[in-house]
Amino acid sequence: MSDESRLAIARRRGAASYSEVDSQYLEARQLRKSAGWVLLCALGVGAVISGDFFGWQYGLTAGGFGGLLVATVVIAVMYFCMVFSIAEMSAAMPHAGGFYGFTRSTFGPGTAFLNSTTDMVEYVVTPAVIVSGMAAYADLIVDLPNWMWWVGFYVLFVGINIWGTATTFRVALVVAGLSLTVLCVMYVGVIVTGAFDPALLTNVPVNEARSGASAFLPEGVYGIWAALPFAMWFYLAIEQLPLAAEESHDVKRDMPKALVVGMFVLFGLSILTLVLNTGVGGGAAEVGSVDAPLFVALRAVFGSGIGAQVLAACALIGLVASFHSIIYAYGRVLFAASRSGYIPRRISRLSSRHTPARALILGGVVGLALTVLLDRYGGSAVGEALLTMAVFGATISYALVMWTYIMWRRRRPGMQRPYRSPLGIVGGWVGLALSLVALAATVALEQNRPGVLATAGFIGLMFGYYWFHSRHHLVASSPEEAIALVQEAEAEVL
């Protein structure tokens, strides 16, 4: 049976229906190959590395050093399971949709839309939070109104992404390299100057009301639970790499290598940052209470004589790396969902430089609006809500993709797999279980719950749009839909 016949069968199935498009539709939405595994790895590490500069330290308040350390190891296991699994799927299904494409091939368009929506939340919200921090640090270098920094950063880095994919990857490599250099200077300096003191790791006051509380676990076992969302900031967004599948020179070889190497780099950084940055200055009690933990470490190394401008520049480098790389990610998520008809198709139209300019601009406008909201209505409270929105959206996405991997392995055992996860289906089950634990942990702290409710409300609105409109106007010839429809038709014939 030909692919055309299989597609004809598949189009008659399920709650979704497909519209015809002309031959020029996909021609106007063809991305260019621009990256090998080193650039891909830099993009992935760069997207995450701001988590070593800020965000993780709040876990010290939630669970103490011991609670955050255990939480970090647990979350690392979850991410390793996920990285190996998506490396296998991305090599077999190399399309720009990433998680959405994987889920579409196994569970159909409804679940795929849910996954793409949670990815949109993660990747559009995260830069909005980061840019507010970037403005605060940039103000220490040159004092300008915050809104000028927000607009300036978005215009600059959205502009780089629009200018060209090759430029985007090269900038990611440079800023990721600079961020790694800053962290390595901190690590070496803390060790060679004698600023590190192991006793400082466990100086968070013990909450005697908690069962099992101790100096190592000042909030008891509950502290591990409460620290899980903060531990995620050490690794959050490494999973964006499959979105670059269509722009990889040799995706079947490069994507798995970039994912696995990037994850090992991030794991090493997370342990070094957690231990060395916590055991300086005022220790865990101080580091967990500040917004810029790197400042505590650098001042312990270089003394109080180091200028605020130098410290701000160091912190700004890490934030820029993640801001730039995650802009790339939301551009591809919006592009892929639009190309397949889940959101308005005109968003996926490429610029003359073969970049998804409309998707990048749309995400930037929404991000700027969220940043204004963050500034206008309470700063830290809204910031925590937005951070929780990103983590909550991510954990839903993780659970969906791990379940997808398990069912994909079971339903398509004979499918060609250029790369196989060394953890196999067992890794899929472990990753699924831990992602559900992490999802539940997002509501462990009361201040996180508004973000959870906001995300759930947005997902509900988006699903209403899908059910009443976009499911009737999907594009069968888009790469993610085409491979899924053929597989569904083959299964029906068999």
# chains A, B, ... in the order shown; residues from 1 in each chain; ligands from 1
$ select_by_dssp --residues "range 92-149 of chain A" --states "helix (DSSP H, G or I)" --output "PyMOL selection string"
chain A and resi 92+99-107+109-141+146-149
$ write_last_selection --atoms "C-alpha atoms" --output "compact mmCIF listing (two decimals), in the first residue's frame"
# COMPACT_ATOMS: atom_id res chain seq x y z
CA ALA A 92 13.98 8.07 14.81
CA PHE A 99 7.88 16.48 22.28
CA TYR A 100 4.69 17.34 20.39
CA GLY A 101 5.82 15.22 17.43
CA PHE A 102 6.70 12.26 19.66
CA THR A 103 3.36 12.39 21.45
CA ARG A 104 1.46 12.84 18.17
CA SER A 105 2.93 9.63 16.77
CA THR A 106 1.63 7.61 19.72
CA PHE A 107 -1.48 9.19 21.24
CA PRO A 109 -3.57 15.01 17.94
CA GLY A 110 -5.45 15.81 21.17
CA THR A 111 -2.65 14.69 23.47
CA ALA A 112 -0.10 16.20 21.09
CA PHE A 113 -1.83 19.57 21.39
CA LEU A 114 -1.74 19.31 25.18
CA ASN A 115 2.00 18.60 25.04
CA SER A 116 2.69 21.48 22.67
CA THR A 117 0.70 23.82 24.93
CA THR A 118 2.69 22.88 28.04
CA ASP A 119 5.89 23.41 26.04
CA MET A 120 4.65 26.84 25.00
CA VAL A 121 4.08 27.72 28.66
CA GLU A 122 7.57 26.56 29.65
CA TYR A 123 9.47 28.24 26.84
CA VAL A 124 7.53 31.52 26.62
CA VAL A 125 7.26 32.12 30.38
CA THR A 126 10.88 31.31 31.26
CA PRO A 127 12.49 34.14 29.21
CA ALA A 128 9.98 36.58 30.71
CA VAL A 129 11.24 35.74 34.18
CA ILE A 130 14.89 35.74 33.11
CA VAL A 131 14.75 39.14 31.40
CA SER A 132 13.50 40.82 34.56
CA GLY A 133 16.60 39.51 36.34
CA MET A 134 18.79 40.60 33.44
CA ALA A 135 17.48 44.16 33.77
CA ALA A 136 18.22 44.21 37.49
CA TYR A 137 21.85 43.19 36.89
CA ALA A 138 22.25 45.48 33.87
CA ASP A 139 21.09 48.43 36.00
CA LEU A 140 24.20 47.98 38.14
CA ILE A 141 26.31 48.55 35.03
CA ASN A 146 13.69 48.65 33.45
CA TRP A 147 11.36 48.73 30.47
CA MET A 148 14.23 49.89 28.25
CA TRP A 149 16.30 46.89 29.27
$ closest_residue --among "A:Val443, A:Leu269, A:Val391, A:Arg345" --to "Ser19 in chain A" --atoms "only C-alpha atoms"
A:Arg345
$ residues_around --residues "Ala336 in chain A" --least-positions-apart "6" --cutoff "12 Å" --atoms "only C-alpha atoms" --output "PyMOL selection string"
chain A and resi 26+29-31+95-101+112-113+116-117+119-120+242-246+329-330+342-350+356+359+474-475+478-481
$ closest_residue --among "A:Gly424, A:Gly51, A:Gly268, A:Pro198" --to "Ala76 in chain A" --atoms "only C-alpha atoms"
A:Gly268
$ closest_atom_pairs --of "range 246-323 of chain A" --to "range 212-233 of chain A" --cutoff "12 Å" --atoms "only C-alpha atoms" --output "Markdown table"
| residue | atom | partner | partner_atom | distance |
| --- | --- | --- | --- | --- |
| A:Leu266 | CA | A:Trp233 | CA | 10.6 |
| A:Phe267 | CA | A:Ala231 | CA | 11.1 |
| A:Leu269 | CA | A:Trp233 | CA | 11.8 |
| A:Ser270 | CA | A:Ala231 | CA | 8.8 |
| A:Ile271 | CA | A:Ala231 | CA | 10.6 |
| A:Thr273 | CA | A:Ala231 | CA | 11.6 |
| A:Leu274 | CA | A:Ala231 | CA | 9.7 |
| A:Ala284 | CA | A:Phe216 | CA | 10.9 |
| A:Ala285 | CA | A:Pro218 | CA | 11.1 |
| A:Gly288 | CA | A:Phe230 | CA | 11.2 |
| A:Ser322 | CA | A:Trp233 | CA | 11.2 |
$ atom_distance --atom1 "CA of Asn448 in chain A" --atom2 "CA of Val401 in chain A"
23.7 Å
$ residues_around --residues "Met402 in chain A" --least-positions-apart "3" --cutoff "10 Å" --atoms "only C-alpha atoms" --output "MDAnalysis selection string"
chainID A and resid 78 81:82 85:86 99 102:103 397:399 405:408 425 427:433 435
$ residues_around --residues "Gly189 in chain A" --least-positions-apart "2" --cutoff "9 Å" --atoms "only C-alpha atoms" --output "list in words"
Cys184, Val185, Met186, Tyr187, Ile191, Val192, Thr193, Gly194, Ala195, Ala297, Leu298, Ala300, Val301 and Phe302 of chain A
$ closest_residue --among "A:Arg420, A:Arg376, A:Lys252, A:Arg170" --to "Leu39 in chain A" --atoms "only C-alpha atoms"
A:Arg170
$ residues_around --residues "Phe392 in chain A" --least-positions-apart "6" --cutoff "7 Å" --atoms "only C-alpha atoms" --output "PDB file with N, CA and C atoms, in the first residue's frame"
ATOM      1  N   LEU A 439       5.842  16.704  39.393  1.00  0.00           N
ATOM      2  CA  LEU A 439       4.605  17.436  39.100  1.00  0.00           C
ATOM      3  C   LEU A 439       3.829  17.707  40.389  1.00  0.00           C
ATOM      4  N   THR A 442       5.178  20.511  42.729  1.00  0.00           N
ATOM      5  CA  THR A 442       5.015  21.922  42.399  1.00  0.00           C
ATOM      6  C   THR A 442       3.980  22.596  43.291  1.00  0.00           C
ATOM      7  N   VAL A 452       0.322  27.342  39.463  1.00  0.00           N
ATOM      8  CA  VAL A 452      -0.276  26.091  38.997  1.00  0.00           C
ATOM      9  C   VAL A 452      -1.685  26.346  38.461  1.00  0.00           C
TER      10      VAL A 452
END
$ closest_residue --among "A:Leu68, A:Leu180, A:Leu423, A:Val486" --to "Leu201 in chain A" --atoms "only C-alpha atoms"
A:Leu68
$ closest_residue --among "A:Val204, A:Gly414, A:Leu386, A:Leu311" --to "Phe65 in chain A" --atoms "only C-alpha atoms"
A:Val204
$ closest_residue --among "A:Phe295, A:Ala199, A:Gln240, A:Arg210" --to "Leu316 in chain A" --atoms "only C-alpha atoms"
A:Phe295
